[in-house]
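J.: My structure is in run.cif, and what it holds is mmCIF, C-alpha atoms:
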```
data_run
loop_
_atom_site.group_PDB
_atom_site.id
_atom_site.type_symbol
_atom_site.label_atom_id
_atom_site.label_comp_id
_atom_site.auth_asym_id
_atom_site.auth_seq_id
_atom_site.Cartn_x
_atom_site.Cartn_y
_atom_site.Cartn_z
ATOM 1 C CA MET A 1 -36.093 -4.355 28.828
ATOM 2 C CA ALA A 2 -38.020 -3.248 25.753
ATOM 3 C CA VAL A 3 -34.931 -2.205 23.820
ATOM 4 C CA ILE A 4 -31.156 -2.494 24.097
ATOM 5 C CA THR A 5 -28.923 0.019 22.338
ATOM 6 C CA VAL A 6 -25.301 -0.833 21.643
ATOM 7 C CA SER A 7 -22.690 1.833 20.974
ATOM 8 C CA ARG A 8 -19.305 0.462 19.974
ATOM 9 C CA GLN A 9 -15.801 1.553 19.217
ATOM 10 C CA LEU A 10 -14.549 0.288 15.874
ATOM 11 C CA GLY A 11 -12.623 -2.910 16.576
ATOM 12 C CA SER A 12 -14.360 -3.643 19.877
ATOM 13 C CA ILE A 13 -16.541 -6.327 18.183
ATOM 14 C CA GLY A 14 -19.655 -4.588 19.470
ATOM 15 C CA ASP A 15 -21.641 -5.786 16.473
ATOM 16 C CA LEU A 16 -20.739 -9.395 17.224
ATOM 17 C CA VAL A 17 -21.549 -8.936 20.912
ATOM 18 C CA ALA A 18 -24.917 -7.406 20.034
ATOM 19 C CA ARG A 19 -25.677 -10.198 17.571
ATOM 20 C CA ARG A 20 -24.828 -12.880 20.128
ATOM 21 C CA ALA A 21 -26.834 -11.100 22.838
ATOM 22 C CA SER A 22 -29.832 -11.005 20.490
ATOM 23 C CA GLU A 23 -29.556 -14.773 20.129
ATOM 24 C CA VAL A 24 -29.227 -15.360 23.881
ATOM 25 C CA LEU A 25 -32.184 -13.092 24.665
ATOM 26 C CA SER A 26 -34.262 -13.974 21.566
ATOM 27 C CA TYR A 27 -34.337 -10.292 20.617
ATOM 28 C CA ASP A 28 -34.509 -8.926 17.086
ATOM 29 C CA PHE A 29 -31.251 -7.438 15.789
ATOM 30 C CA VAL A 30 -31.244 -4.094 13.974
ATOM 31 C CA ASP A 31 -28.170 -2.325 12.646
ATOM 32 C CA LYS A 32 -27.661 0.479 10.156
ATOM 33 C CA ASN A 33 -27.332 -1.980 7.285
ATOM 34 C CA LEU A 34 -30.839 -3.302 7.852
ATOM 35 C CA ILE A 35 -32.379 0.167 8.084
ATOM 36 C CA THR A 36 -30.523 1.276 4.963
ATOM 37 C CA GLU A 37 -31.546 -1.850 3.071
ATOM 38 C CA VAL A 38 -35.210 -1.328 3.859
ATOM 39 C CA ALA A 39 -34.990 2.352 2.954
ATOM 40 C CA ARG A 40 -33.446 1.447 -0.377
ATOM 41 C CA GLU A 41 -36.294 -0.956 -1.024
ATOM 42 C CA ALA A 42 -38.733 1.871 -0.401
ATOM 43 C CA ASN A 43 -37.087 3.960 -3.096
ATOM 44 C CA VAL A 44 -37.543 1.490 -5.958
ATOM 45 C CA PRO A 45 -40.573 1.343 -8.286
ATOM 46 C CA GLU A 46 -43.762 -0.296 -7.032
ATOM 47 C CA SER A 47 -43.198 -3.360 -9.201
ATOM 48 C CA GLU A 48 -39.847 -3.866 -7.506
ATOM 49 C CA VAL A 49 -41.381 -3.376 -4.059
ATOM 50 C CA GLU A 50 -43.763 -6.224 -4.829
ATOM 51 C CA LYS A 51 -40.757 -8.430 -5.537
ATOM 52 C CA PHE A 52 -39.288 -7.538 -2.173
ATOM 53 C CA ASP A 53 -42.601 -8.365 -0.531
ATOM 54 C CA GLU A 54 -42.433 -11.823 -2.037
ATOM 55 C CA GLN A 55 -39.056 -12.528 -0.488
ATOM 56 C CA ALA A 56 -38.597 -14.117 2.895
ATOM 57 C CA HIS A 57 -37.955 -11.310 5.380
ATOM 58 C CA SER A 58 -37.124 -11.501 9.047
ATOM 59 C CA ALA A 59 -39.918 -10.345 11.320
ATOM 60 C CA VAL A 60 -38.118 -7.129 12.242
ATOM 61 C CA LYS A 61 -37.297 -6.383 8.603
ATOM 62 C CA ARG A 62 -40.973 -6.802 7.691
ATOM 63 C CA PHE A 63 -41.831 -4.475 10.564
ATOM 64 C CA ILE A 64 -39.498 -1.686 9.385
ATOM 65 C CA HIS A 65 -40.601 -2.293 5.798
ATOM 66 C CA SER A 66 -44.243 -1.813 6.803
ATOM 67 C CA LEU A 67 -43.403 1.584 8.314
ATOM 68 C CA ILE A 68 -42.142 2.944 5.028
ATOM 69 C CA VAL A 69 -43.632 1.109 2.094
ATOM 70 C CA PRO A 70 -47.296 1.655 1.142
ATOM 71 C CA SER A 71 -49.455 -1.441 1.005
ATOM 72 C CA ARG A 72 -52.463 -2.141 -1.174
ATOM 73 C CA SER A 73 -54.766 -1.609 1.793
ATOM 74 C CA VAL A 74 -52.956 1.536 3.021
ATOM 75 C CA PRO A 75 -51.836 3.502 -0.064
ATOM 76 C CA THR A 76 -50.153 6.252 1.963
ATOM 77 C CA PRO A 77 -46.830 5.177 3.500
ATOM 78 C CA PRO A 78 -46.960 5.388 7.308
ATOM 79 C CA ALA A 79 -43.825 7.541 7.089
ATOM 80 C CA MET A 80 -46.045 10.305 5.750
ATOM 81 C CA LEU A 81 -47.732 10.293 9.127
ATOM 82 C CA TRP A 82 -44.389 11.125 10.734
ATOM 83 C CA GLY A 83 -44.196 14.380 8.791
ATOM 84 C CA LEU A 84 -41.759 12.922 6.263
ATOM 85 C CA GLU A 85 -42.131 13.168 2.526
ATOM 86 C CA PHE A 86 -40.588 9.737 2.314
ATOM 87 C CA PRO A 87 -38.798 8.492 0.292
ATOM 88 C CA TYR A 88 -37.805 11.715 -1.439
ATOM 89 C CA GLU A 89 -36.268 13.549 1.490
ATOM 90 C CA VAL A 90 -33.805 10.796 2.362
ATOM 91 C CA SER A 91 -33.193 8.996 -0.902
ATOM 92 C CA ALA A 92 -30.013 10.868 -1.864
ATOM 93 C CA THR A 93 -28.332 9.911 1.392
ATOM 94 C CA LEU A 94 -29.499 6.357 1.729
ATOM 95 C CA LEU A 95 -28.883 5.431 -1.890
ATOM 96 C CA ALA A 96 -25.267 6.595 -1.826
ATOM 97 C CA GLY A 97 -23.035 3.726 -2.820
ATOM 98 C CA ASP A 98 -20.117 4.493 -0.533
ATOM 99 C CA ALA A 99 -20.906 3.794 3.115
ATOM 100 C CA THR A 100 -18.127 6.014 4.468
ATOM 101 C CA ALA A 101 -19.186 8.975 2.358
ATOM 102 C CA ASN A 102 -22.747 8.263 3.412
ATOM 103 C CA GLU A 103 -21.887 8.616 7.101
ATOM 104 C CA GLU A 104 -19.830 11.726 6.475
ATOM 105 C CA ARG A 105 -22.779 13.357 4.735
ATOM 106 C CA HIS A 106 -24.746 12.882 7.934
ATOM 107 C CA LEU A 107 -22.460 15.433 9.587
ATOM 108 C CA LEU A 108 -23.562 18.135 7.183
ATOM 109 C CA ASP A 109 -27.264 18.666 6.589
ATOM 110 C CA GLN A 110 -29.197 15.498 7.341
ATOM 111 C CA ARG A 111 -32.201 16.881 9.171
ATOM 112 C CA ASP A 112 -34.566 14.762 7.107
ATOM 113 C CA TYR A 113 -32.490 11.626 7.493
ATOM 114 C CA LEU A 114 -32.382 12.135 11.254
ATOM 115 C CA ARG A 115 -36.140 12.566 11.422
ATOM 116 C CA PHE A 116 -36.583 9.321 9.526
ATOM 117 C CA LEU A 117 -34.072 7.510 11.725
ATOM 118 C CA GLN A 118 -35.502 8.827 14.980
ATOM 119 C CA ALA A 119 -39.024 7.886 13.954
ATOM 120 C CA THR A 120 -37.867 4.386 13.042
ATOM 121 C CA VAL A 121 -36.088 3.915 16.367
ATOM 122 C CA HIS A 122 -39.137 5.093 18.321
ATOM 123 C CA ARG A 123 -41.375 2.671 16.391
ATOM 124 C CA LEU A 124 -38.936 -0.147 17.130
ATOM 125 C CA ARG A 125 -39.059 0.838 20.806
ATOM 126 C CA LYS A 126 -42.815 0.265 20.792
ATOM 127 C CA ARG A 127 -42.318 -3.129 19.155
ATOM 128 C CA ASP A 128 -40.156 -4.332 22.095
ATOM 129 C CA SER A 129 -37.439 -7.002 22.288
ATOM 130 C CA VAL A 130 -35.038 -5.298 19.896
ATOM 131 C CA ILE A 131 -31.291 -4.653 19.987
ATOM 132 C CA ILE A 132 -30.357 -1.528 18.030
ATOM 133 C CA VAL A 133 -26.692 -1.140 17.089
ATOM 134 C CA GLY A 134 -25.363 2.367 16.562
ATOM 135 C CA ARG A 135 -27.304 5.187 14.872
ATOM 136 C CA GLY A 136 -27.403 7.253 18.067
ATOM 137 C CA GLY A 137 -29.818 4.947 19.864
ATOM 138 C CA GLN A 138 -28.362 5.942 23.231
ATOM 139 C CA ALA A 139 -29.293 9.549 22.436
ATOM 140 C CA ILE A 140 -32.676 8.965 20.806
ATOM 141 C CA LEU A 141 -33.882 6.752 23.675
ATOM 142 C CA ARG A 142 -31.795 8.242 26.470
ATOM 143 C CA ASP A 143 -34.837 9.120 28.606
ATOM 144 C CA ASP A 144 -36.688 5.873 28.043
ATOM 145 C CA PRO A 145 -36.867 3.887 31.301
ATOM 146 C CA ASP A 146 -37.256 0.550 29.513
ATOM 147 C CA THR A 147 -34.095 0.838 27.422
ATOM 148 C CA LEU A 148 -30.716 -0.609 28.373
ATOM 149 C CA HIS A 149 -27.766 1.315 26.938
ATOM 150 C CA VAL A 150 -24.572 -0.681 26.371
ATOM 151 C CA ARG A 151 -21.164 0.444 25.152
ATOM 152 C CA THR A 152 -18.322 -1.796 23.993
ATOM 153 C CA VAL A 153 -14.722 -0.628 24.224
ATOM 154 C CA ALA A 154 -11.306 -2.239 23.916
ATOM 155 C CA PRO A 155 -7.630 -1.257 24.227
ATOM 156 C CA LEU A 156 -6.230 0.305 21.074
ATOM 157 C CA GLU A 157 -3.880 -2.593 20.358
ATOM 158 C CA ASP A 158 -6.794 -5.038 20.467
ATOM 159 C CA ARG A 159 -8.878 -2.818 18.226
ATOM 160 C CA ILE A 160 -6.054 -2.572 15.710
ATOM 161 C CA ARG A 161 -5.669 -6.350 15.618
ATOM 162 C CA VAL A 162 -9.407 -6.861 15.091
ATOM 163 C CA VAL A 163 -9.629 -4.237 12.340
ATOM 164 C CA VAL A 164 -6.625 -5.686 10.504
ATOM 165 C CA GLU A 165 -8.201 -9.147 10.594
ATOM 166 C CA ARG A 166 -11.781 -8.219 9.795
ATOM 167 C CA GLN A 167 -11.001 -5.715 7.055
ATOM 168 C CA ASN A 168 -8.034 -7.557 5.553
ATOM 169 C CA LEU A 169 -5.689 -4.614 5.930
ATOM 170 C CA ARG A 170 -1.997 -4.922 5.181
ATOM 171 C CA THR A 171 -0.557 -2.882 8.042
ATOM 172 C CA GLN A 172 -1.361 -1.871 11.584
ATOM 173 C CA ARG A 173 -0.842 1.736 10.562
ATOM 174 C CA GLU A 174 -3.807 1.511 8.173
ATOM 175 C CA ALA A 175 -5.940 0.069 10.961
ATOM 176 C CA ARG A 176 -4.874 2.777 13.410
ATOM 177 C CA GLU A 177 -5.754 5.530 10.936
ATOM 178 C CA LEU A 178 -9.115 3.910 10.204
ATOM 179 C CA ILE A 179 -9.884 3.662 13.920
ATOM 180 C CA GLN A 180 -8.944 7.279 14.538
ATOM 181 C CA LYS A 181 -11.096 8.436 11.641
ATOM 182 C CA SER A 182 -14.023 6.327 12.859
ATOM 183 C CA ASP A 183 -13.723 7.674 16.412
ATOM 184 C CA ARG A 184 -13.711 11.279 15.177
ATOM 185 C CA ARG A 185 -16.651 10.689 12.852
ATOM 186 C CA ARG A 186 -18.833 8.926 15.408
ATOM 187 C CA ALA A 187 -18.045 11.463 18.125
ATOM 188 C CA ALA A 188 -18.857 14.342 15.777
ATOM 189 C CA TYR A 189 -22.105 12.683 14.653
ATOM 190 C CA LEU A 190 -23.421 12.516 18.227
ATOM 191 C CA ARG A 191 -22.001 15.874 19.279
ATOM 192 C CA ASP A 192 -23.419 17.753 16.287
ATOM 193 C CA ASN A 193 -26.815 16.062 16.181
ATOM 194 C CA TYR A 194 -27.538 15.309 19.840
ATOM 195 C CA GLN A 195 -25.084 17.477 21.801
ATOM 196 C CA ILE A 196 -23.704 14.513 23.744
ATOM 197 C CA ASP A 197 -20.191 13.181 24.316
ATOM 198 C CA TRP A 198 -19.918 9.736 22.718
ATOM 199 C CA ASP A 199 -17.344 8.670 25.344
ATOM 200 C CA ASP A 200 -19.343 9.828 28.378
ATOM 201 C CA PRO A 201 -19.845 6.683 30.528
ATOM 202 C CA ALA A 202 -22.866 8.313 32.170
ATOM 203 C CA LEU A 203 -24.821 7.696 28.954
ATOM 204 C CA TYR A 204 -24.667 3.932 29.451
ATOM 205 C CA HIS A 205 -25.867 1.368 31.952
ATOM 206 C CA VAL A 206 -23.058 -1.033 31.067
ATOM 207 C CA VAL A 207 -19.615 -0.547 29.507
ATOM 208 C CA VAL A 208 -18.027 -3.819 28.368
ATOM 209 C CA ASN A 209 -14.283 -4.040 27.711
ATOM 210 C CA THR A 210 -14.029 -6.751 25.071
ATOM 211 C CA GLY A 211 -10.258 -6.710 25.451
ATOM 212 C CA ARG A 212 -10.820 -8.382 28.820
ATOM 213 C CA THR A 213 -14.056 -10.213 28.065
ATOM 214 C CA CYS A 214 -14.702 -12.897 25.474
ATOM 215 C CA LEU A 215 -17.626 -12.650 23.073
ATOM 216 C CA GLU A 216 -19.799 -15.133 24.944
ATOM 217 C CA SER A 217 -19.165 -13.510 28.323
ATOM 218 C CA ALA A 218 -19.904 -10.065 26.927
ATOM 219 C CA ALA A 219 -23.264 -11.281 25.621
ATOM 220 C CA LEU A 220 -24.039 -12.876 28.993
ATOM 221 C CA ILE A 221 -23.215 -9.607 30.774
ATOM 222 C CA ILE A 222 -25.912 -7.956 28.672
ATOM 223 C CA GLN A 223 -28.331 -10.770 29.459
ATOM 224 C CA TYR A 224 -27.648 -10.484 33.194
ATOM 225 C CA SER A 225 -28.083 -6.713 33.019
ATOM 226 C CA VAL A 226 -31.459 -7.097 31.336
ATOM 227 C CA ASP A 227 -32.568 -9.599 33.976
ATOM 228 C CA ALA A 228 -31.317 -7.445 36.862
ATOM 229 C CA LEU A 229 -32.918 -4.233 35.639
ATOM 230 C CA GLY A 230 -36.123 -6.089 34.849
ATOM 231 C CA ARG A 231 -36.342 -7.195 38.498
ATOM 232 C CA ALA A 232 -35.467 -3.749 39.875
#
```
Any chance you could put this one into structure tokens?

T.:
Amino acid sequence: MAVITVSRQLGSIGDLVARRASEVLSYDFVDKNLITEVAREANVPESEVEKFDEQAHSAVKRFIHSLIVPSRSVPTPPAMLWGLEFPYEVSATLLAGDATANEERHLLDQRDYLRFLQATVHRLRKRDSVIIVGRGGQAILRDDPDTLHVRTVAPLEDRIRVVVERQNLRTQREARELIQKSDRRRAAYLRDNYQIDWDDPALYHVVVNTGRTCLESAALIIQYSVDALGRA
């Protein structure tokens, strides 16, 4: 498969499953933090961009970076070729300090952000061997025959336990409220922007219940799915 998208319920350790699957398959791993980080780099002065260029980047980070940041040989950022006045159209969203507020802003008027994100995902699709976590990948690449769509779910009690542990919360009630808010936000994001139901199993090739499957087994299920579909 060229690309694997992973949609996950908060607390279903979908990010960890995706990360482990990327290691098993030797795929690049892309999540919203990486895309946001690169976009932030593109919004700093040229002198600062040169500093970023001097740092050791992963191959996929260099790839995304090259899509947005002008080089000495190509003074016009490739993003301009996508019809985006990058970085100006998306800077206010991507430079927001609070991640939760950032996602909530996407529900309002983020046409430009979505165009940037969709263009990035399609360029990653052409690069091959990439796992993309979240960001509506199952919607953006839903008609692509060489993309495997995975969803991770878990029983509520397991999700609460994971969220309490990973976010150092004091009570299960806090975790439950955070999960409910996350579910509403993610469902609304996909419904409003792509007119799809986040929970619709028909969107995915594989749904993995991490409440019944350990991390390693979940990653191997993805590997087996890639192998099976590749032979089909």

J.: Check the smallest atom-to-atom distance from each of A:Leu124, A:Val163, A:Ile13, A:Ile4 to Tyr204 of chain A using only C-alpha atoms, then report the winner.

T.: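 With only C-alpha atoms as the atom set, the closest residue is A:Ile4.
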
J.: Using Å and a single decimal, report how far atom CA of Asp199 of chain A sits from atom CA of Arg125 of chain A.

T.: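 Between atom CA of Arg125 of chain A and atom CA of Asp199 of chain A the gap is 23.5 Å.
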
J.: Applied to the shown file, which residues does the PyMOL selection byres ((chain A and resi 206) around 10) return, written as JSON, numbers by chain?

T.: {"A": [6, 148, 149, 150, 151, 152, 201, 202, 203, 204, 205, 207, 208, 209, 221, 222, 225]}

J.: Excluding Arg19 of chain A and any residue of its chain fewer than 4 positions from it, enumerate the residues within 8 Å of it, using all atoms listed in the file, and give them as a list of chain:residue names.

T.: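 So the residues in contact are A:Asp15, A:Glu23, A:Phe29.
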
J.: For the provided coordinates, the residues matched by the PyMOL selection byres ((chain A and resi 162) around 9) should be stated as a list in words.

T.: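 When the PyMOL selection byres ((chain A and resi 162) around 9) is applied to the shown file, the picked residues are Leu10, Gly11, Ser12, Ile13, Glu157, Asp158, Arg159, Ile160, Arg161, Val163, Val164, Glu165, Arg166, Gln167 and Ala175 of chain A.
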
J.: Using Å and a single decimal, report how far atom CA of Asp192 of chain A sits from atom CA of Ile179 of chain A.

T.: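 These two atoms are separated by 19.7 Å.
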
J.: What lies within 9 Å of Ala219 of chain A using all atoms listed in the file, ignoring chain neighbours under 2 positions off, as an NGL selection string?

T.: :A and (16-22 or 24 or 214-217 or 221-224)

J.: Neighbouring residues of Ile132 of chain A were defined as those with any atom within 6 Å, considering all atoms listed in the file; residues of the same chain fewer than 5 positions away were excluded. Please report them as JSON, numbers by chain.

T.: {"A": [5, 30, 31]}

J.: For this file, the PyMOL selection byres ((chain A and resi 147) around 6) selects which residues, as a list of chain:residue names?

T.: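 Against this file, the PyMOL selection byres ((chain A and resi 147) around 6) returns the residues A:Met1, A:Ala2, A:Val3, A:Ile4, A:Asp144, A:Pro145, A:Asp146, A:Leu148.
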
J.: Would you compute the distance between atom CA of His122 of chain A and atom CA of Gln138 of chain A? Give it in Å to one decimal.

T.: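 Atom CA of Gln138 of chain A lies at a distance of 11.9 Å from atom CA of His122 of chain A.
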
J.: With only C-alpha atoms as the basis for distance, which of A:Asp197, A:Asp128, A:Asp227, A:Asp143 is at the shortest distance from Arg184 of chain A?

T.: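 Between A:Asp197, A:Asp128, A:Asp227, A:Asp143, the residue approaching Arg184 of chain A most closely is A:Asp197.
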
J.: From (-19.9, 9.7, 20.9), in the file's coordinates, out to 10 Å: which residues are reached, counting all atoms listed in the file? Answer as a PyMOL selection string.

T.: chain A and resi 7-9+136+138-139+183-192+194-200+203
